Structures are given as C-alpha cells and as structure tokens.
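Undergrad: Pasting upload.cif here (mmCIF, C-alpha atoms and all ligand atoms):
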data_query
#
loop_
_atom_site.label_atom_id
_atom_site.label_comp_id
_atom_site.auth_asym_id
_atom_site.auth_seq_id
_atom_site.Cartn_x
_atom_site.Cartn_y
_atom_site.Cartn_z
CA MET A 1 -64.04 -5.15 -68.53
CA ALA A 2 -61.33 -7.66 -69.58
CA THR A 3 -61.20 -6.17 -73.04
CA GLU A 4 -61.16 -2.58 -71.74
CA ALA A 5 -58.25 -3.20 -69.36
CA SER A 6 -56.13 -5.20 -71.78
CA SER A 7 -56.59 -2.68 -74.63
CA VAL A 8 -54.71 -0.09 -72.51
CA TYR A 9 -51.48 -2.08 -72.89
CA PRO A 10 -49.49 -2.84 -76.03
CA SER A 11 -50.20 -6.37 -77.26
CA LEU A 12 -47.72 -8.98 -75.97
CA GLU A 13 -45.88 -8.93 -79.31
CA ASN A 14 -45.45 -5.17 -79.03
CA ARG A 15 -44.07 -4.76 -75.52
CA PRO A 16 -40.74 -2.88 -75.68
CA ILE A 17 -38.85 -5.60 -73.77
CA GLN A 18 -39.55 -8.69 -75.86
CA GLY A 19 -39.10 -12.26 -74.60
CA THR A 20 -39.25 -11.15 -70.97
CA ILE A 21 -41.87 -11.89 -68.36
CA CYS A 22 -42.00 -11.00 -64.67
CA LEU A 23 -43.78 -13.56 -62.51
CA PHE A 24 -44.75 -12.71 -58.95
CA ASP A 25 -45.73 -14.81 -55.98
CA VAL A 26 -48.77 -13.24 -54.26
CA ASP A 27 -48.78 -13.54 -50.44
CA GLY A 28 -45.79 -11.73 -48.92
CA THR A 29 -44.53 -10.65 -52.36
CA LEU A 30 -47.28 -8.54 -53.98
CA THR A 31 -49.41 -8.24 -50.85
CA PRO A 32 -48.68 -8.23 -47.13
CA ALA A 33 -49.30 -11.79 -45.82
CA ARG A 34 -53.00 -12.69 -46.17
CA ARG A 35 -53.90 -9.03 -46.89
CA THR A 36 -54.87 -6.97 -49.93
CA VAL A 37 -52.53 -5.33 -52.41
CA LEU A 38 -51.45 -1.70 -51.94
CA PRO A 39 -52.56 0.78 -54.67
CA GLU A 40 -48.90 1.75 -55.31
CA THR A 41 -48.05 -1.88 -56.09
CA LEU A 42 -50.85 -2.03 -58.66
CA GLU A 43 -49.64 1.24 -60.16
CA LEU A 44 -46.10 -0.10 -60.52
CA LEU A 45 -47.35 -3.36 -62.04
CA SER A 46 -49.30 -1.34 -64.56
CA GLN A 47 -46.15 0.63 -65.51
CA LEU A 48 -44.18 -2.61 -65.80
CA ARG A 49 -46.87 -4.11 -68.02
CA HIS A 50 -46.19 -1.38 -70.56
CA LYS A 51 -42.63 -2.70 -70.83
CA CYS A 52 -42.89 -6.51 -70.65
CA ALA A 53 -45.31 -9.34 -69.89
CA ILE A 54 -46.39 -9.81 -66.26
CA GLY A 55 -48.04 -12.61 -64.33
CA PHE A 56 -48.66 -13.93 -60.86
CA VAL A 57 -48.32 -17.47 -59.54
CA GLY A 58 -50.02 -18.33 -56.27
CA GLY A 59 -50.80 -21.54 -54.41
CA SER A 60 -54.34 -20.53 -53.44
CA ASP A 61 -57.36 -20.60 -55.71
CA LEU A 62 -58.38 -17.75 -57.99
CA ALA A 63 -61.13 -16.57 -55.61
CA LYS A 64 -58.48 -15.84 -52.96
CA GLN A 65 -56.30 -13.95 -55.47
CA GLN A 66 -59.32 -11.99 -56.65
CA GLU A 67 -59.87 -11.00 -53.00
CA GLN A 68 -56.24 -9.95 -52.51
CA LEU A 69 -55.43 -8.33 -55.87
CA GLY A 70 -58.72 -7.42 -57.54
CA THR A 71 -61.75 -5.34 -56.56
CA SER A 72 -65.49 -5.76 -57.06
CA SER A 73 -65.18 -3.86 -60.35
CA THR A 74 -61.76 -5.18 -61.44
CA PRO A 75 -61.32 -8.90 -62.15
CA VAL A 76 -57.80 -9.96 -61.22
CA THR A 77 -57.52 -11.61 -64.65
CA THR A 78 -57.46 -8.14 -66.24
CA LEU A 79 -54.53 -6.92 -64.14
CA PHE A 80 -51.94 -9.41 -65.42
CA ASP A 81 -51.18 -11.00 -68.79
CA PHE A 82 -50.88 -14.40 -67.10
CA CYS A 83 -52.72 -15.48 -63.94
CA PHE A 84 -51.68 -18.76 -62.38
CA ALA A 85 -53.85 -19.87 -59.48
CA GLU A 86 -53.09 -23.13 -57.64
CA ASN A 87 -49.55 -22.95 -59.07
CA GLY A 88 -50.96 -22.90 -62.60
CA LEU A 89 -53.54 -25.71 -62.44
CA THR A 90 -55.99 -22.88 -63.09
CA ALA A 91 -54.48 -20.51 -65.64
CA TYR A 92 -55.59 -17.40 -67.54
CA ARG A 93 -53.88 -15.73 -70.48
CA LEU A 94 -55.07 -12.23 -71.36
CA GLY A 95 -58.27 -12.80 -69.40
CA LYS A 96 -59.13 -16.13 -71.04
CA PRO A 97 -58.82 -19.54 -69.37
CA LEU A 98 -56.11 -21.99 -70.46
CA ALA A 99 -56.31 -25.77 -70.01
CA SER A 100 -56.79 -26.65 -66.36
CA ASN A 101 -55.71 -29.72 -64.42
CA SER A 102 -56.73 -31.37 -61.17
CA PHE A 103 -55.49 -33.90 -58.68
CA ILE A 104 -58.31 -36.37 -59.41
CA GLN A 105 -57.88 -36.02 -63.18
CA TRP A 106 -54.20 -36.81 -62.78
CA LEU A 107 -54.39 -39.63 -60.19
CA GLY A 108 -57.63 -41.31 -61.24
CA GLU A 109 -60.52 -42.45 -59.04
CA GLU A 110 -59.17 -45.90 -58.19
CA LYS A 111 -55.80 -44.78 -56.86
CA TYR A 112 -57.45 -41.82 -55.13
CA GLN A 113 -59.81 -44.16 -53.27
CA ASN A 114 -56.94 -46.50 -52.32
CA LEU A 115 -55.22 -43.49 -50.77
CA VAL A 116 -58.29 -42.18 -48.95
CA ASP A 117 -59.34 -45.63 -47.68
CA PHE A 118 -55.85 -46.23 -46.33
CA CYS A 119 -55.83 -42.88 -44.50
CA LEU A 120 -59.31 -43.33 -43.02
CA LYS A 121 -58.47 -46.85 -41.76
CA TYR A 122 -55.17 -45.61 -40.34
CA ILE A 123 -56.87 -42.67 -38.59
CA ALA A 124 -59.61 -44.98 -37.24
CA ASP A 125 -56.92 -46.96 -35.41
CA LEU A 126 -55.32 -43.88 -33.82
CA LYS A 127 -55.98 -42.78 -30.27
CA LEU A 128 -55.82 -38.96 -30.10
CA PRO A 129 -56.83 -36.39 -27.49
CA LYS A 130 -59.71 -35.36 -29.81
CA LYS A 131 -61.17 -36.38 -33.15
CA ARG A 132 -63.54 -34.07 -34.97
CA GLY A 133 -64.80 -34.10 -38.56
CA THR A 134 -63.45 -33.86 -42.13
CA PHE A 135 -60.38 -36.06 -41.99
CA VAL A 136 -59.95 -35.86 -45.75
CA GLU A 137 -60.47 -32.62 -47.66
CA PHE A 138 -60.72 -33.05 -51.41
CA ARG A 139 -59.25 -30.01 -53.18
CA ASN A 140 -58.70 -29.28 -56.85
CA GLY A 141 -54.92 -29.65 -56.82
CA MET A 142 -54.36 -31.80 -53.78
CA VAL A 143 -55.90 -33.78 -50.97
CA ASN A 144 -55.47 -32.53 -47.41
CA ILE A 145 -55.40 -35.15 -44.65
CA SER A 146 -56.02 -34.27 -41.00
CA PRO A 147 -55.96 -36.89 -38.20
CA VAL A 148 -57.89 -34.59 -35.82
CA GLY A 149 -60.17 -33.37 -38.62
CA ARG A 150 -60.47 -29.95 -40.26
CA ASN A 151 -63.52 -29.12 -38.12
CA ALA A 152 -61.29 -28.81 -35.05
CA SER A 153 -61.65 -25.55 -33.11
CA VAL A 154 -58.64 -23.30 -32.49
CA GLU A 155 -58.10 -24.90 -29.04
CA GLU A 156 -58.40 -28.38 -30.53
CA ARG A 157 -55.90 -27.42 -33.26
CA ASN A 158 -53.41 -26.20 -30.68
CA GLU A 159 -53.91 -29.34 -28.62
CA PHE A 160 -53.31 -31.58 -31.64
CA GLU A 161 -50.21 -29.63 -32.66
CA VAL A 162 -48.63 -30.19 -29.24
CA TYR A 163 -49.62 -33.87 -29.21
CA ASP A 164 -48.31 -34.33 -32.75
CA LYS A 165 -44.93 -32.83 -31.85
CA GLU A 166 -44.56 -35.42 -29.14
CA HIS A 167 -46.03 -38.44 -30.95
CA SER A 168 -45.16 -37.77 -34.64
CA ILE A 169 -48.69 -38.64 -35.73
CA ARG A 170 -48.47 -36.91 -39.12
CA LYS A 171 -44.87 -37.90 -39.78
CA ASP A 172 -45.68 -41.58 -39.19
CA LEU A 173 -48.80 -41.47 -41.37
CA VAL A 174 -46.80 -39.85 -44.19
CA ALA A 175 -44.09 -42.50 -43.82
CA SER A 176 -46.76 -45.26 -44.04
CA LEU A 177 -48.27 -43.66 -47.15
CA LYS A 178 -44.86 -43.44 -48.84
CA LYS A 179 -44.28 -47.11 -48.05
CA LYS A 180 -47.76 -48.22 -49.17
CA PHE A 181 -47.91 -46.20 -52.42
CA PRO A 182 -44.30 -45.82 -53.59
CA ASP A 183 -45.30 -45.79 -57.27
CA TYR A 184 -48.06 -43.14 -57.12
CA GLY A 185 -45.73 -40.18 -57.88
CA LEU A 186 -46.96 -38.22 -54.87
CA SER A 187 -45.29 -35.67 -52.59
CA TYR A 188 -46.30 -34.94 -49.02
CA SER A 189 -45.98 -31.64 -47.19
CA ILE A 190 -46.53 -31.10 -43.46
CA GLY A 191 -46.91 -27.31 -43.68
CA GLY A 192 -49.65 -26.33 -41.22
CA GLN A 193 -50.82 -27.23 -37.74
CA ILE A 194 -53.19 -30.17 -38.02
CA SER A 195 -52.84 -31.66 -41.48
CA PHE A 196 -50.60 -32.47 -44.42
CA ASP A 197 -51.02 -31.97 -48.15
CA VAL A 198 -50.69 -34.72 -50.76
CA PHE A 199 -50.07 -33.67 -54.38
CA PRO A 200 -48.36 -34.96 -57.51
CA THR A 201 -44.57 -34.56 -57.45
CA GLY A 202 -43.63 -31.45 -59.44
CA TRP A 203 -46.92 -29.63 -58.85
CA ASP A 204 -45.14 -26.78 -57.16
CA LYS A 205 -44.88 -23.30 -58.71
CA THR A 206 -42.70 -24.62 -61.56
CA TYR A 207 -45.95 -26.16 -62.89
CA CYS A 208 -46.94 -22.78 -64.39
CA LEU A 209 -43.78 -22.57 -66.51
CA GLN A 210 -45.25 -24.99 -69.04
CA HIS A 211 -47.92 -22.38 -69.86
CA ILE A 212 -45.23 -19.76 -70.51
CA GLN A 213 -43.26 -22.18 -72.65
CA ALA A 214 -46.42 -22.99 -74.63
CA GLU A 215 -46.51 -19.35 -75.78
CA LYS A 216 -44.05 -20.32 -78.48
CA GLU A 217 -46.75 -22.48 -80.09
CA ILE A 218 -49.65 -20.13 -79.31
CA SER A 219 -48.23 -16.79 -80.45
CA GLY A 220 -44.70 -17.53 -81.61
CA SER A 221 -43.32 -15.55 -78.64
CA GLU A 222 -40.54 -17.24 -76.76
CA TYR A 223 -39.99 -16.09 -73.20
CA THR A 224 -36.26 -16.53 -72.77
CA THR A 225 -36.05 -14.28 -69.68
CA ILE A 226 -38.40 -15.27 -66.88
CA HIS A 227 -37.95 -13.18 -63.72
CA PHE A 228 -39.53 -14.69 -60.62
CA PHE A 229 -40.07 -12.71 -57.40
CA GLY A 230 -40.94 -14.56 -54.20
CA ASP A 231 -40.59 -14.29 -50.44
CA LYS A 232 -40.22 -17.99 -49.56
CA CYS A 233 -37.24 -18.86 -51.72
CA PHE A 234 -35.36 -20.85 -49.06
CA ALA A 235 -35.19 -24.68 -49.23
CA GLY A 236 -38.54 -25.97 -47.92
CA GLY A 237 -40.34 -22.68 -48.78
CA ASN A 238 -43.06 -22.83 -51.43
CA ASP A 239 -41.15 -20.50 -53.81
CA TYR A 240 -37.96 -22.54 -53.62
CA GLU A 241 -38.46 -24.75 -56.69
CA ILE A 242 -39.37 -21.99 -59.16
CA TYR A 243 -36.79 -19.61 -57.65
CA SER A 244 -33.99 -22.14 -58.17
CA ASP A 245 -35.29 -23.51 -61.50
CA PRO A 246 -32.75 -23.03 -64.33
CA ARG A 247 -35.54 -21.58 -66.52
CA THR A 248 -36.01 -18.57 -64.21
CA ILE A 249 -33.99 -15.69 -62.80
CA GLY A 250 -34.94 -15.74 -59.12
CA HIS A 251 -35.36 -12.63 -56.97
CA SER A 252 -35.82 -13.16 -53.26
CA VAL A 253 -37.85 -10.39 -51.61
CA ASN A 254 -38.87 -9.64 -48.05
CA GLY A 255 -42.26 -8.07 -48.67
CA PRO A 256 -44.20 -5.93 -51.17
CA GLU A 257 -42.07 -2.82 -50.59
CA ASP A 258 -38.92 -4.77 -51.37
CA THR A 259 -40.58 -6.26 -54.46
CA MET A 260 -41.38 -2.77 -55.70
CA LYS A 261 -37.85 -1.58 -55.02
CA GLN A 262 -36.30 -4.49 -56.89
CA VAL A 263 -38.66 -4.08 -59.85
CA LYS A 264 -37.94 -0.34 -60.03
CA ASP A 265 -34.16 -0.95 -59.95
CA LEU A 266 -34.32 -3.73 -62.52
CA PHE A 267 -36.51 -1.92 -65.03
CA GLN A 268 -35.58 1.71 -64.28
CA LEU A 269 -39.16 2.60 -63.30
O1 LIG A 301 -50.30 -23.09 -45.46
C1 LIG A 301 -49.93 -24.25 -44.78
C2 LIG A 301 -51.11 -25.19 -44.61
O2 LIG A 301 -52.18 -24.51 -43.99
C3 LIG A 301 -53.26 -25.33 -43.64
O3 LIG A 301 -52.81 -26.29 -42.74
P1 LIG A 301 -53.45 -26.64 -41.30
O4 LIG A 301 -54.94 -26.59 -41.44
O5 LIG A 301 -52.89 -28.00 -41.01
O6 LIG A 301 -52.92 -25.62 -40.32
C4 LIG A 301 -53.84 -26.06 -44.84
O7 LIG A 301 -54.54 -25.16 -45.66
C5 LIG A 301 -52.74 -26.72 -45.64
O8 LIG A 301 -53.25 -27.18 -46.87
C6 LIG A 301 -51.58 -25.79 -45.93
O9 LIG A 301 -50.54 -26.47 -46.54
#
Starting from the file, lay out its structure as structure tokens.
TA:
Amino acid sequence: MATEASSVYPSLENRPIQGTICLFDVDGTLTPARRTVLPETLELLSQLRHKCAIGFVGGSDLAKQQEQLGTSSTPVTTLFDFCFAENGLTAYRLGKPLASNSFIQWLGEEKYQNLVDFCLKYIADLKLPKKRGTFVEFRNGMVNISPVGRNASVEERNEFEVYDKEHSIRKDLVASLKKKFPDYGLSYSIGGQISFDVFPTGWDKTYCLQHIQAEKEISGSEYTTIHFFGDKCFAGGNDYEIYSDPRTIGHSVNGPEDTMKQVKDLFQL
C-alpha cells in the first residue's frame, strides 16, 4: 500500500516547487478538534503533494493520527511525505521509519527513578479530597504526573481541579521539582485538569525540524522554505515554538476550513 500511494506522486526531488515543505499540526488544523479529517482536506493535501513536500507534526502518538487521518485501508504514513508523531520522536519518511527517541532513552533510568521517587513521596504526604490510582504515567516522550491519579472518574477529576485551583497542588509540586532537579534539562506543563507533563526542554514541535534538516545528508535536498500551519500559535499554545521558530514561516489558522483556504491562496490550488 505504501509503495502504491507514494508512486502516484513525483519523487521528492521532482516536485515542481523544490526546497519547500508544508508542515501541518493535526488537531484543530487538519481535523476538527479530536475528530477525523474531512475528505476535501485529504483531496487538497493530495493536490499540494504534487507541488511540494508535505508532512504533519502532532503531539499524540501515531495510533491517534492513524485514527484521525487514515482509514482501515490507508495507513497515514502513505498520505504524507513526512509523518511526525509525538512532535517527531516517532518519525516516518516516505512510509519508512526514521530514528526514534524516547524520554527514558534521553534521561536515563537513574535520573528517571530519582524524579519518580520524589513525586511519589511528595504525593504520599499530600492530603487531598480523593486519591485514586496511577500517579505516574510513563509515556514514550514524557512522564505525566497526577496527584489524584489518572484513574480518577470524571467527578473526581472535576473535584480535584477545583481543589487544585484553590490550593495550587500542581504548581507547588512543579516548583519543588524545579528546585530539586535544576540540572535535569526538563520542562513542565500544566495543560490539563488533573496532571502535568514532564519532558526534555526543546521537545516541542520544533523537535521534528531536525529530521527535515537531515534531508540534506539523506537525499541532498535542502528545505529552505518550511511552511507551518497550526491553530495554537499563541504564547503558551503547543504550536507556538515551531510557529515562531526562525526556520519556519508560520501560518496561524482557526480550523481545517481556514487551513484549506490559506493553502489554496498560497499555492494557487
Ligand atoms: O492536553 C492537555 C493534557 O491532557 C491530559 O491532561 P489531564 O488528564 O490532566 O486532563 C493529559 O493527557 C496531559 O498529558 C495533556 O497535556
């Protein structure tokens, strides 16, 4: 299937607009938030792929992007030249995997355990309205820490969120972690309701740009024009870093329809 789909397009070296790649965020940019892609978006991406290289960069894992962009008969890795899941920790080029990376590989077991042990001891000393299970969730690109536990029900989540607003539980734990491990090179993000994410500094969407830059060594192609389209380009949003990176030309969109409009205008499609 990968070979069939990719053979429809000119090879990367033969795309009419050389040295240009369009990179798209997924949720809210190519698809409505947490939903599947519209057929007209796929059609437009296919037209664009005849002109220049295309890729997506998403924070979730590849299974989620397969669900949102692919179908049971179409692997998502055949729809784009470059697929960057988990901001590029998992990466595919023309349907084939590139070198992957992980949080544990980067941090090492000893430091990881220091971090986890500290969090578990800290949480053990907290008094909260409820404690449930899974206080530490080990993920490929990050660790997610939750004082109430990820097994909390919806009501328990809501209860923790209210309590946390009043008592700064997560904020204080993050501040203690920063103080305890200042040299670990970690960033902390309190994005959701009951937890916070811990990941290496710089492992935002700009991480994937190294794969694009490596093209120079792989195929001799240098991507000097990197268009990025995202819907959370404001400071604090998860598209902000790549949107404002000097290596990209950022396009802020407000949903898939706007993305399509901007792409059509930019490439006369
Ligand atoms: O997308 C924001 C966050 O969503 C979840 O957070 P919570 O369970 O605390 O509501 C988590 O998946 C978290 O990793 C993510 O940052």
Undergrad: Residues at most 6 Å from ligand LIG 301 (chain A), using all atoms listed in the file? Could they come as a tab-separated table (two decimals) with C-alpha atoms, in the frame of the given file?
TA:
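Result file out12.tsv:
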chain	number	residue	atom	x	y	z
A	144	ASN	CA	-55.47	-32.53	-47.41
A	191	GLY	CA	-46.91	-27.31	-43.68
A	192	GLY	CA	-49.65	-26.33	-41.22
A	193	GLN	CA	-50.82	-27.23	-37.74
A	194	ILE	CA	-53.19	-30.17	-38.02
A	195	SER	CA	-52.84	-31.66	-41.48
A	197	ASP	CA	-51.02	-31.97	-48.15
Undergrad: Once you count all atoms listed in the file, which residues end up no further than 10 Å from (-49.6, -16.2, -56.1) in the file's frame, shown as JSON, numbers by chain?
TA: {"A": [23, 24, 25, 26, 27, 28, 29, 30, 31, 55, 56, 57, 58, 59, 60, 61, 62, 64, 65, 68, 69, 83, 84, 85, 86, 87, 88, 205, 230, 239]}
Undergrad: Please determine, counting all atoms listed in the file, which residue among A:Asp117, A:Leu126, A:His211, A:His167 has the shortest atom-to-atom distance to A:Ala99.
TA: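 The answer is A:His211, which sits nearest to A:Ala99.
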Undergrad: Taking only C-alpha atoms into account, name the residue in A:Ser73, A:Ser46, A:Asn14, A:Thr20 that is nearest to A:Met260.
TA: A:Ser46
Undergrad: Figure out the distance between atom CA of A:Ile21 and atom CA of A:Gly141, please, to one decimal in Å.
TA: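 Going from atom CA of A:Gly141 over to atom CA of A:Ile21 covers 24.9 Å.
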Undergrad: To one decimal place, how far is atom CA of A:Leu44 from atom CA of A:Ile218 in Å?
TA: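 Interatomic distance, atom CA of A:Leu44 to atom CA of A:Ile218: 27.7 Å.
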Undergrad: Grab all the atoms of stretch 19-38 of chain A that the file lists, wrap them in a box along x, y and z, add 8 Å per side, and give me centre plus edge lengths in Å (one decimal) as JSON.
TA:
{"center_x": -47.0, "center_y": -8.3, "center_z": -60.2, "size_x": 31.8, "size_y": 29.1, "size_z": 44.8}
Undergrad: Which of these residues is nearest to A:Gly255, using all atoms listed in the file: A:Asn238, A:Lys121, A:Ser102, A:Lys232?
TA: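 Nearest to A:Gly255: A:Lys232.
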Undergrad: Might you pull out every residue within 10 Å of A:Glu13, with only C-alpha atoms counted and same-chain residues fewer than 2 positions away left off, and present them as a list in words?
TA: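 Listed by chain and then number, they are Pro10, Ser11, Arg15, Pro16, Ile17, Gln18, Gly19, Cys52, Ala53, Ser219, Gly220 and Ser221 of chain A.
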